[in-house]
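These notes concern the structure reproduced below.
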Amino acid sequence: MTAEPTPPPAPPLLRVLVLTGVALAVGSAASFAAIALVELVSVLNLGLLVAPKARVQWESMPWLVAVTTVLVPTLGGLVVGLVHKKFMTGGRPLGPPDVIEAVQFHKPLPGLRDGLISTGTAALSLGAGASVGQYGPMVYLGAIFGSFTQRLRSGVPNLASIAIGCGVAAAIATAFNAPIAGVLFAHEVVLRHYATRAFAPVTVSSVTGYVMANVIFDRPALFRIESPGIAHGYEFALMAVLGLLVAAGAIVFMRLLLAVGPTLARWIRRPEMRTAMAGLAVGLTALALPDVLGIGTSTLRFATIDGAFGLGETIVLIFAKIVLTALCIGAGFSGGAFSPSLLIGSLTGVLFWTLADVAGLPNSGAAIYAIGGMMGFASAVIGAPLTCILIVFELTRNYDVTIAAMVAVVFSNLVSHRAFGRSLFDVQLARRGIDFSLGRDRAHLAAMHVIDFLQPNAVTATTKDTPNSVADRLHKKGWREAFVLDRDGNLLGVFTPGSNGTIASVEDALSPARLIFHDTTDLADAMERLRGFVGDAVPVVSSKSGKYLGAVSEADLVSAWLDEAARLRKEENAPV
Amino acid sequence: MRLFDLLLFCSVIPALAAADELKIVSWGGAYEAAQRAAVIAPFAAETGRSVVVETYDGSWTALSEHGAIHGWDVVDMLADQARIACARGLLLEIRPQSLFSSEALRDFTPVRPDRCAVPQNAYARVMAYDDRAFAGVKPTRVEDFFDTRRFPGPRAVQRSPDGILEWALLAEGVPPEQVYGLLSTDRGLRLAFRKLDSIRDDIVWWDEPAEPAEMLADGRAIMAAGFNGRFFDMAQRGRVPIDIVWDGRIIGVEVWAIAATTDTPEIAREFILHATKPAAMARFATRIPYGPTRDSAFDRIGLNPDTGVPMRAYLPNAPQHGGRALVQDSGWYANTENLRQRRFRNWLGGPD
């Protein structure tokens with residue numbers, strides 16, 4: 001799996017220079033690209049009458065607004081679907097799971113062309129008002145800039161992974177004006193370790209993104225809130241309850257999202273019709289409920305104003321947004337689940353606040369609950385509790401609000417991690433065979449297969465061989481067991497020559513193999529099963545045909561495991 | 001001031017007969033007087049051109065009705081009116097790049113010259129209060145305008161949706177950059193009118209821009225929404241203890257534009273170039289508290305020639321004011337005229 005050839009490491013000072021240079025370059029490029037993406041989407045939103053400011057211009061012609069409301073997402077879906085089908089290698093948009101996979105296994109990202117097309121269709125999806133998020137595409141775009149270092153022969157081990165982390169951090173720092181959250185996101189979600197070699201450049205890159213967004217381009221924060229703080233002590237307990245509520249919502253949302261894709265694929269065969277249909281659903285819903293269109297920045301703001309939504313309206317909107325987002329992402333629109341999560345979560349917070357308010361509980365206002373719900377929900381989806389807590393801190397710069405949100409985040413994660421998994425990304429990856437649920441080392445071992453460690457000089461025999469000749473061959477190669485095959489190459493059993501030499505035939509002394517691996521057996525699984533195994537080699541047979549493929553020695557597997565553990569340890573503790 | 005006006009008028013009169021005279025249309029009153037003294041007279045003196053000034057009501061409809069008949073050349077307009085007029089072909093395209101260097105274009109604030117209009121000064125809708133009405137704590141934020149519990153008393157508000165809707169959302173904690181986006185939605189308008197409901201019984205309406213300052217002076221209102229220049233005038237000349245709250249100021253831009261029917265486009269361009277030099281803007285701003293629309297002009301602003309008051313502190317867009325500021329979105333205003341008026345009349349008509 002670790003295909004990257006490792007050039008000799010450069011001297012420490014040079015490595016510091018390379019890492020700093022890469023962090024600055026990748027950070028500014030990723031940040032610039034993120035700003036460009038936001039601007040592009042905003043121009044499209046205005047031009048395509050998705051943004052309220054554009055819609056209100058044509059307020060005197062309601063039919064025009066209605067027609068574009070339905071047509072724009074539908075046609076947008078059609079185009080996005082067609083582009084994915086015709087031009088994307090995998091036929092699907094790329095996102096954070098692909099970044100995680102590339103970084104974790106030091107693989108190159110999927111092709112640059114696919115990445116750029118995916119970004120383009122994300123801009124179109126968002127621009128046409130599909131119910132998807134912008135942060136996934138931004139993170140991917142940042143990762144693309146990081147991946148350019150792949151070809152750099154710099155003498156810094158794992159440079160590409162670190163640089164991708166840099167791009168991701170800068171994108172998040174730019175998006176939220178939150179550099180600390182950017183650093184944490186890159187570590188919590190993408191890198192999953194805290195080595196100084198990665199931490200330092202990622203931090204530099206994140207700050208670069210922040211400076212670009214805040215100082216050079218002077219962009220407003222996504223979400224600014226002035227909050228007076230928490231008025232009553234018991235509201236922290238309410239936050240815990242809210243955390244449980246949003247966790248339930250998030251689990252429903254993620255399960256629905258994962259289920260919709262395959263179901264739709266069964267119902268509608270042509271992928272472009274799936275996205276067009278999802279767009280049509282968004283458009284029709286938006287006729288009655290314009291809040292569901294697009295990223296929903298204004299809806300997010302309304303959620304912080306006391307009484308902006310009625311009780312029934314809030315419930316309908318939460319339901320619509322969950323279903324439409326699952327539908328849009330499942331159908332194949334390009335875009336993330338993070339910003340819709342923010343919106344659904346904040347509305348759930350508002351719902352909770354409305355109920356508390358109706359019940360006559362004195363409280364600190366809707367904004368606090370909107371933020372708590374927003375971050376509780378989003379952290380369950382992206383599996384990044386620390387990031388979400390820090391985003392609140394950096395957006396509100398208010399200690400009380402952050403602590404309240406932290407309670408909601410933690411309780412939400414407690415439930416969702418238990419009942420669903422660490423995050424939507426991890427579950428998506430698990431479905432591709434990469435399982436992080438038991439940690440990074442386990443995932444790495446699980447990604448290595450025993451088939452790659454076959455011993456070329458394992459001894460095989462047939463039932464026709466004489467015991468002595470087999471014993472001779474074993475003796476010469478230094479093995480104690482031979483694997484006996486039939487005429488078609490299927491494994492019959494193991495032959496161990498006895499010490500007394502009285503065995504008449506190989507067949508008589510044949511014993512069934514105590515342990516058999518398949519070509520699909522991974523290293524993690526193999527290590528588990530080797531516990532208590534005595535013998536020098538384990539046969540590997542094809543899981544399909546049952547044919548013998550070779551044998552692996554216990555010693556090879558143990559050394560592979562030790563090597564991988566050492567590599568991870570080195571990566572996770574690298575000073576510079 | 002009167003004497004000065006008279007002298008100025010005399011200096012302009014002989015030019016009336018000239019063939020290539022420039023006809024400038026402006027708003028009259030103290031505003032126009034300051035404009036004549038600071039901008040128009042120096043132009044006439046320096047270039048030897050003859051200039052006449054006419055007064056109009058500031059609307060684009062007036063331009064379309066009278067512009068051609070009366071031979072208007074340069075028109076002083078509000079930015080949103082200029083946008084509409086430009087879209088309807090009533091204005092000459094200026095091509096700012098041909099008139100200004102790129103450095104000068106970057107100097108313009110808060111907006112740059114566009115297709116038909118060059119910003120000349122900035123005014124603001126602000127909140128002001130009668131200091132006598134609040135012995136202890138004074139209002140300091142837009143929120144206080146809507147807080148009748150802490151600051152009870154009648155509030156003077158223009159009988160129009162302009163400005164007050166923005167304040168309603170600012171008071172709900174919406175950051176300035178999102179105000180117009182939110183007001184574009186039905187929900188945003190509903191929330192704004194809900195906020196207005198909370199002071200409905202305390203509103204005294206005004207229609208003429210001079211009224212809010214008078215209402216503060218004679219005690220009909222204790223707080224007022226109005227234009228910063230009028231409050232300044234009442235406080236300085238009328239010696240009334242009025243103070244301005246700069247938080248939530250809505251900055252509007254006044255522009256120079258050229259009528260499409262002008263017979264002297266070159267002289268008109270020459271005038272605009274002259275009138276929007278930092279020195280001219282600064283001269284204007286020392287006479288009346290309408291801020292310059294070029295950054296470099298702020299450094300030149302000194303004392304008011306009549307009262308000796310240092311003027312920089314009274315300019316709506318002076319960099320030293322804290323609090324929230326909103327630049328009026330003239331495009332949005334131009335596009336939502338009917339909607340805002342309709343919703344406002346509905347709200348006025350009944351208890352929502």
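Quick note on naming: the chains in the structure tokens go A, B, ... in the order shown, residues restart at 1 in each chain, and ligands are numbered from 1 in order of appearance.
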Using only C-alpha atoms, which residues sit within 10 Å of range 279-286 of chain B once same-chain residues fewer than 6 positions away are excluded, as a PDB file with C-alpha atoms, in the first residue's frame?
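Dumped everything to out_18.pdb:
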ATOM      1  CA  TYR B  31     -26.947  71.855   0.224  1.00  0.00           C
ATOM      2  CA  ALA B  33     -25.395  76.768  -1.454  1.00  0.00           C
ATOM      3  CA  ALA B  34     -22.482  74.722  -0.181  1.00  0.00           C
ATOM      4  CA  GLN B  35     -22.142  73.109  -3.583  1.00  0.00           C
ATOM      5  CA  ARG B  36     -21.990  76.485  -5.310  1.00  0.00           C
ATOM      6  CA  ALA B  37     -19.389  77.829  -2.960  1.00  0.00           C
ATOM      7  CA  ALA B  38     -17.178  74.762  -2.798  1.00  0.00           C
ATOM      8  CA  VAL B  39     -17.502  73.215  -6.222  1.00  0.00           C
ATOM      9  CA  ILE B  40     -19.309  75.242  -8.854  1.00  0.00           C
ATOM     10  CA  PRO B  42     -14.206  77.422  -8.239  1.00  0.00           C
ATOM     11  CA  PHE B  43     -14.886  75.541 -11.471  1.00  0.00           C
ATOM     12  CA  GLN B 120     -19.595  63.045  -5.162  1.00  0.00           C
ATOM     13  CA  ASN B 121     -20.589  62.925  -1.505  1.00  0.00           C
ATOM     14  CA  ALA B 122     -21.954  60.605   1.136  1.00  0.00           C
ATOM     15  CA  PRO B 292     -16.245  63.009   0.572  1.00  0.00           C
ATOM     16  CA  THR B 293     -16.353  59.876  -1.556  1.00  0.00           C
ATOM     17  CA  ARG B 294     -12.591  59.712  -2.007  1.00  0.00           C
ATOM     18  CA  SER B 296      -7.618  61.086   0.033  1.00  0.00           C
ATOM     19  CA  ALA B 297     -10.103  63.925   0.649  1.00  0.00           C
ATOM     20  CA  PHE B 298     -10.481  63.051   4.348  1.00  0.00           C
ATOM     21  CA  ASP B 299      -7.020  64.381   5.119  1.00  0.00           C
ATOM     22  CA  ARG B 300      -7.983  67.839   3.849  1.00  0.00           C
ATOM     23  CA  ILE B 301     -11.067  68.445   5.919  1.00  0.00           C
ATOM     24  CA  GLY B 302     -10.777  71.346   8.328  1.00  0.00           C
ATOM     25  CA  LEU B 303     -13.052  73.867   9.990  1.00  0.00           C
ATOM     26  CA  ASN B 304     -16.439  75.062   8.887  1.00  0.00           C
ATOM     27  CA  PRO B 305     -15.860  78.554   7.405  1.00  0.00           C
ATOM     28  CA  ASP B 306     -18.930  79.998   9.189  1.00  0.00           C
ATOM     29  CA  GLY B 308     -15.394  77.292  12.996  1.00  0.00           C
ATOM     30  CA  VAL B 309     -16.491  73.762  13.916  1.00  0.00           C
ATOM     31  CA  PRO B 310     -13.971  71.055  12.956  1.00  0.00           C
ATOM     32  CA  MET B 311     -16.032  69.086  10.457  1.00  0.00           C
ATOM     33  CA  ARG B 312     -14.320  65.749  10.250  1.00  0.00           C
ATOM     34  CA  TYR B 314     -19.567  65.088  11.712  1.00  0.00           C
ATOM     35  CA  LEU B 315     -19.072  63.341   8.383  1.00  0.00           C
TER      36      LEU B 315
END
Item checked: Contacts of Phe145 in chain B at 9 Å (only C-alpha atoms; same-chain gap of 2+ positions) as an NGL selection string -> :B and (127 or 139-143 or 147-148 or 151 or 155 or 167 or 171 or 199 or 223-225)
Notebook entry, point to check: Could you work out how far CA of Arg55 in chain A lies from CA of Val43 in chain A, giving the answer in Å with one decimal?
Noted result: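 A separation of 13.2 Å between them.
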Margin query: Could you list, as a ChimeraX atom specification, every residue within 12 Å of His187 in chain A, counting only C-alpha atoms and ignoring same-chain residues fewer than 5 positions away?
Written below: /A:100,103-104,161-162,164-169,180-182,192-196,198-203,206,383-387,572
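Counting only C-alpha atoms, every residue of chain B that comes within 8 Å of chain A is listed here: Glu172, Gly173, Val174, Pro175, Glu177, Gln178, Tyr180, Gly181, Leu182, Ser184, Thr185, Arg187, Gly188, Leu191, Trp332, Asn335, Thr336 and Leu339 of chain B.
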Checklist line | Minimum-distance residue to Leu273 in chain B, chosen among B:Leu99, B:Ala210, B:Gln320, B:Val51 (using only C-alpha atoms) | finding: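 Among the listed residues, B:Leu99 lies closest to Leu273 in chain B.
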Checklist line | Residue nearest Gly478 in chain A - candidates A:Val415, A:Val292, A:Ala458, A:Leu438, atoms counted: only C-alpha atoms | finding: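 Between A:Val415, A:Val292, A:Ala458, A:Leu438, the residue approaching Gly478 in chain A most closely is A:Ala458.
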Check: What is the distance, in Å and to one decimal place, between CA of Leu300 in chain A and CA of Val139 in chain A?
Finding: 21.1 Å
Check: Restricting the calculation to only C-alpha atoms, which member of A:Trp63, A:Phe333, A:Phe87, A:Phe145 is positioned closest to Val22 in chain A?
Finding: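 Comparing A:Trp63, A:Phe333, A:Phe87, A:Phe145 against Val22 in chain A, the winner is A:Phe145.
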Item checked: Near-Leu37 in chain A list (10 Å; only C-alpha atoms; drop same-chain fewer than 2 positions) as a PyMOL selection string -> chain A and resi 31-35+39-43+119-120+122-123+126+134+137-138+141
Item checked: Shell around Gly283 in chain A at 7 Å using only C-alpha atoms, local window under 4 positions removed, as a PyMOL selection string -> chain A and resi 69-70+73+279+287
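Restricting the calculation to only C-alpha atoms, the smallest distance between Arg249 in chain B and any of B:Pro154, B:Gly136, B:Gly67, B:Pro316 is found for B:Pro316.
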Note to self: I want to know what sits within 8 Å of Val381 in chain A, based on only C-alpha atoms, with residues of the same chain fewer than 4 positions away left out; could you give that as number ranges by chain?
What the structure shows: A: 250, 254, 337-338, 341, 377, 423-425
Next item on the list: Quick one: pick out all alpha helix (DSSP H) residues within range 84-282 of chain B from a backbone DSSP run and write them as a ChimeraX atom specification.
Entry: /B:84-87,96-99,102-107,142-145,164-171,176-183,186-197,211-218,228-237,265-275,278-282
Write out the residues from the selection above, keeping C-alpha atoms, as a JSON list (two decimals), in the first residue's frame.
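part-v6.json written:
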[["chain", "number", "residue", "atom", "x", "y", "z"],
["B", 84, "ILE", "CA", -32.76, 53.65, -12.82],
["B", 85, "ALA", "CA", -32.14, 56.67, -15.07],
["B", 86, "CYS", "CA", -29.07, 54.98, -16.52],
["B", 87, "ALA", "CA", -30.97, 51.78, -17.23],
["B", 96, "PRO", "CA", -15.00, 56.05, -15.81],
["B", 97, "GLN", "CA", -11.71, 54.58, -17.10],
["B", 98, "SER", "CA", -11.46, 57.34, -19.66],
["B", 99, "LEU", "CA", -12.14, 60.02, -17.07],
["B", 102, "SER", "CA", -6.89, 53.65, -12.17],
["B", 103, "GLU", "CA", -5.29, 55.06, -9.05],
["B", 104, "ALA", "CA", -8.00, 57.69, -8.75],
["B", 105, "LEU", "CA", -10.68, 55.07, -9.32],
["B", 106, "ARG", "CA", -9.28, 53.03, -6.43],
["B", 107, "ASP", "CA", -9.42, 56.16, -4.27],
["B", 142, "VAL", "CA", -29.87, 51.08, 16.89],
["B", 143, "GLU", "CA", -31.36, 48.58, 19.32],
["B", 144, "ASP", "CA", -32.13, 51.50, 21.63],
["B", 145, "PHE", "CA", -34.36, 53.05, 18.99],
["B", 164, "ILE", "CA", -36.22, 51.90, 8.97],
["B", 165, "LEU", "CA", -36.46, 48.35, 7.59],
["B", 166, "GLU", "CA", -32.67, 48.07, 7.64],
["B", 167, "TRP", "CA", -32.62, 49.26, 11.23],
["B", 168, "ALA", "CA", -35.26, 46.77, 12.24],
["B", 169, "LEU", "CA", -33.04, 43.89, 11.11],
["B", 170, "LEU", "CA", -29.86, 45.42, 12.51],
["B", 171, "ALA", "CA", -31.66, 45.63, 15.84],
["B", 176, "PRO", "CA", -24.85, 44.74, 8.01],
["B", 177, "GLU", "CA", -23.59, 42.59, 5.14],
["B", 178, "GLN", "CA", -26.64, 40.34, 5.36],
["B", 179, "VAL", "CA", -29.32, 42.99, 5.79],
["B", 180, "TYR", "CA", -30.30, 43.45, 2.14],
["B", 181, "GLY", "CA", -30.16, 39.71, 1.44],
["B", 182, "LEU", "CA", -32.55, 39.04, 4.30],
["B", 183, "LEU", "CA", -34.84, 41.93, 3.40],
["B", 186, "ASP", "CA", -40.66, 37.48, 2.65],
["B", 187, "ARG", "CA", -39.54, 36.24, 6.06],
["B", 188, "GLY", "CA", -37.06, 39.11, 6.38],
["B", 189, "LEU", "CA", -39.70, 41.71, 5.62],
["B", 190, "ARG", "CA", -42.09, 40.07, 8.07],
["B", 191, "LEU", "CA", -39.47, 40.17, 10.82],
["B", 192, "ALA", "CA", -38.64, 43.81, 10.06],
["B", 193, "PHE", "CA", -42.28, 44.83, 10.30],
["B", 194, "ARG", "CA", -42.64, 42.79, 13.47],
["B", 195, "LYS", "CA", -39.84, 44.87, 14.94],
["B", 196, "LEU", "CA", -41.59, 48.04, 13.76],
["B", 197, "ASP", "CA", -44.75, 46.82, 15.50],
["B", 211, "GLU", "CA", -38.95, 67.80, 10.19],
["B", 212, "PRO", "CA", -37.12, 65.26, 12.37],
["B", 213, "ALA", "CA", -34.64, 67.83, 13.63],
["B", 214, "GLU", "CA", -37.48, 70.27, 14.31],
["B", 215, "MET", "CA", -39.40, 67.59, 16.16],
["B", 216, "LEU", "CA", -36.40, 66.99, 18.42],
["B", 217, "ALA", "CA", -36.02, 70.73, 18.93],
["B", 218, "ASP", "CA", -39.62, 71.40, 19.90],
["B", 228, "ASN", "CA", -27.14, 63.63, 9.46],
["B", 229, "GLY", "CA", -26.83, 67.04, 7.80],
["B", 230, "ARG", "CA", -30.17, 68.22, 9.13],
["B", 231, "PHE", "CA", -29.38, 67.18, 12.69],
["B", 232, "PHE", "CA", -26.00, 68.85, 12.44],
["B", 233, "ASP", "CA", -27.59, 72.03, 11.22],
["B", 234, "MET", "CA", -30.12, 72.12, 14.04],
["B", 235, "ALA", "CA", -27.48, 71.38, 16.65],
["B", 236, "GLN", "CA", -24.94, 73.89, 15.38],
["B", 237, "ARG", "CA", -27.07, 76.75, 14.12],
["B", 265, "PRO", "CA", -20.88, 66.62, -23.10],
["B", 266, "GLU", "CA", -17.23, 67.60, -23.03],
["B", 267, "ILE", "CA", -17.74, 70.52, -20.67],
["B", 268, "ALA", "CA", -19.96, 68.32, -18.52],
["B", 269, "ARG", "CA", -17.18, 65.74, -18.24],
["B", 270, "GLU", "CA", -14.71, 68.47, -17.48],
["B", 271, "PHE", "CA", -16.94, 69.71, -14.69],
["B", 272, "ILE", "CA", -17.36, 66.25, -13.15],
["B", 273, "LEU", "CA", -13.65, 65.68, -13.22],
["B", 274, "HIS", "CA", -13.14, 68.99, -11.49],
["B", 275, "ALA", "CA", -15.95, 68.52, -8.99],
["B", 278, "PRO", "CA", -10.29, 65.56, -3.43],
["B", 279, "ALA", "CA", -9.86, 69.30, -2.83],
["B", 280, "ALA", "CA", -13.35, 70.11, -4.10],
["B", 281, "MET", "CA", -14.89, 67.31, -2.05],
["B", 282, "ALA", "CA", -13.08, 68.52, 1.06]]
Next item on the list: For Leu324 in chain A, please output as a list in words all residues within 9 Å (counting only C-alpha atoms; exclusion window: fewer than 3 positions along the same chain).
Entry: Ala130, Ser131, Val132, Ala278, Gly279, Ala281, Val282, Thr285, Val292, Phe319, Ala320, Lys321, Leu327, Cys328 and Ile329 of chain A
Export N, CA and C atoms of the chosen residues as a JSON list (two decimals), in the first residue's frame?
[["chain", "number", "residue", "atom", "x", "y", "z"],
["A", 130, "ALA", "N", -29.23, 23.41, -5.81],
["A", 130, "ALA", "CA", -29.41, 22.07, -5.24],
["A", 130, "ALA", "C", -29.12, 22.13, -3.74],
["A", 131, "SER", "N", -29.77, 21.23, -3.01],
["A", 131, "SER", "CA", -29.61, 21.25, -1.55],
["A", 131, "SER", "C", -28.36, 20.47, -1.15],
["A", 132, "VAL", "N", -27.21, 21.04, -1.46],
["A", 132, "VAL", "CA", -25.94, 20.42, -1.09],
["A", 132, "VAL", "C", -25.05, 21.50, -0.49],
["A", 278, "ALA", "N", -33.96, 14.90, -8.79],
["A", 278, "ALA", "CA", -33.70, 15.50, -7.48],
["A", 278, "ALA", "C", -33.81, 17.02, -7.56],
["A", 279, "GLY", "N", -33.30, 17.59, -8.67],
["A", 279, "GLY", "CA", -33.42, 19.03, -8.87],
["A", 279, "GLY", "C", -34.88, 19.46, -8.96],
["A", 281, "ALA", "N", -37.39, 17.99, -7.63],
["A", 281, "ALA", "CA", -37.97, 17.92, -6.28],
["A", 281, "ALA", "C", -37.63, 19.17, -5.48],
["A", 282, "VAL", "N", -36.37, 19.62, -5.60],
["A", 282, "VAL", "CA", -35.98, 20.84, -4.89],
["A", 282, "VAL", "C", -36.78, 22.02, -5.40],
["A", 285, "THR", "N", -40.44, 21.95, -4.28],
["A", 285, "THR", "CA", -40.57, 22.27, -2.86],
["A", 285, "THR", "C", -40.34, 23.76, -2.63],
["A", 292, "VAL", "N", -35.48, 26.19, 1.17],
["A", 292, "VAL", "CA", -34.71, 24.96, 0.90],
["A", 292, "VAL", "C", -33.70, 25.14, -0.22],
["A", 319, "PHE", "N", -37.78, 18.67, 8.00],
["A", 319, "PHE", "CA", -38.11, 17.45, 7.27],
["A", 319, "PHE", "C", -37.72, 17.62, 5.79],
["A", 320, "ALA", "N", -38.13, 18.75, 5.20],
["A", 320, "ALA", "CA", -37.87, 18.98, 3.78],
["A", 320, "ALA", "C", -36.37, 19.02, 3.50],
["A", 321, "LYS", "N", -35.65, 19.67, 4.37],
["A", 321, "LYS", "CA", -34.22, 19.84, 4.12],
["A", 321, "LYS", "C", -33.50, 18.48, 4.25],
["A", 327, "LEU", "N", -31.67, 13.36, -0.95],
["A", 327, "LEU", "CA", -32.03, 13.09, -2.34],
["A", 327, "LEU", "C", -30.96, 13.66, -3.30],
["A", 328, "CYS", "N", -30.58, 14.92, -3.06],
["A", 328, "CYS", "CA", -29.62, 15.57, -3.97],
["A", 328, "CYS", "C", -28.26, 14.85, -3.94],
["A", 329, "ILE", "N", -27.76, 14.57, -2.73],
["A", 329, "ILE", "CA", -26.45, 13.92, -2.65],
["A", 329, "ILE", "C", -26.55, 12.49, -3.15]]
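What separates CA of Met448 in chain A from CA of Gly91 in chain A is a distance of 26.4 Å.
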Check: So which bits of range 124-315 of chain B end up strand (DSSP E or B) when you DSSP the backbone, as an NGL selection string?
Finding: :B and (124-130 or 155-158 or 203-206 or 223-227 or 242-259 or 291-292 or 294 or 303 or 310)
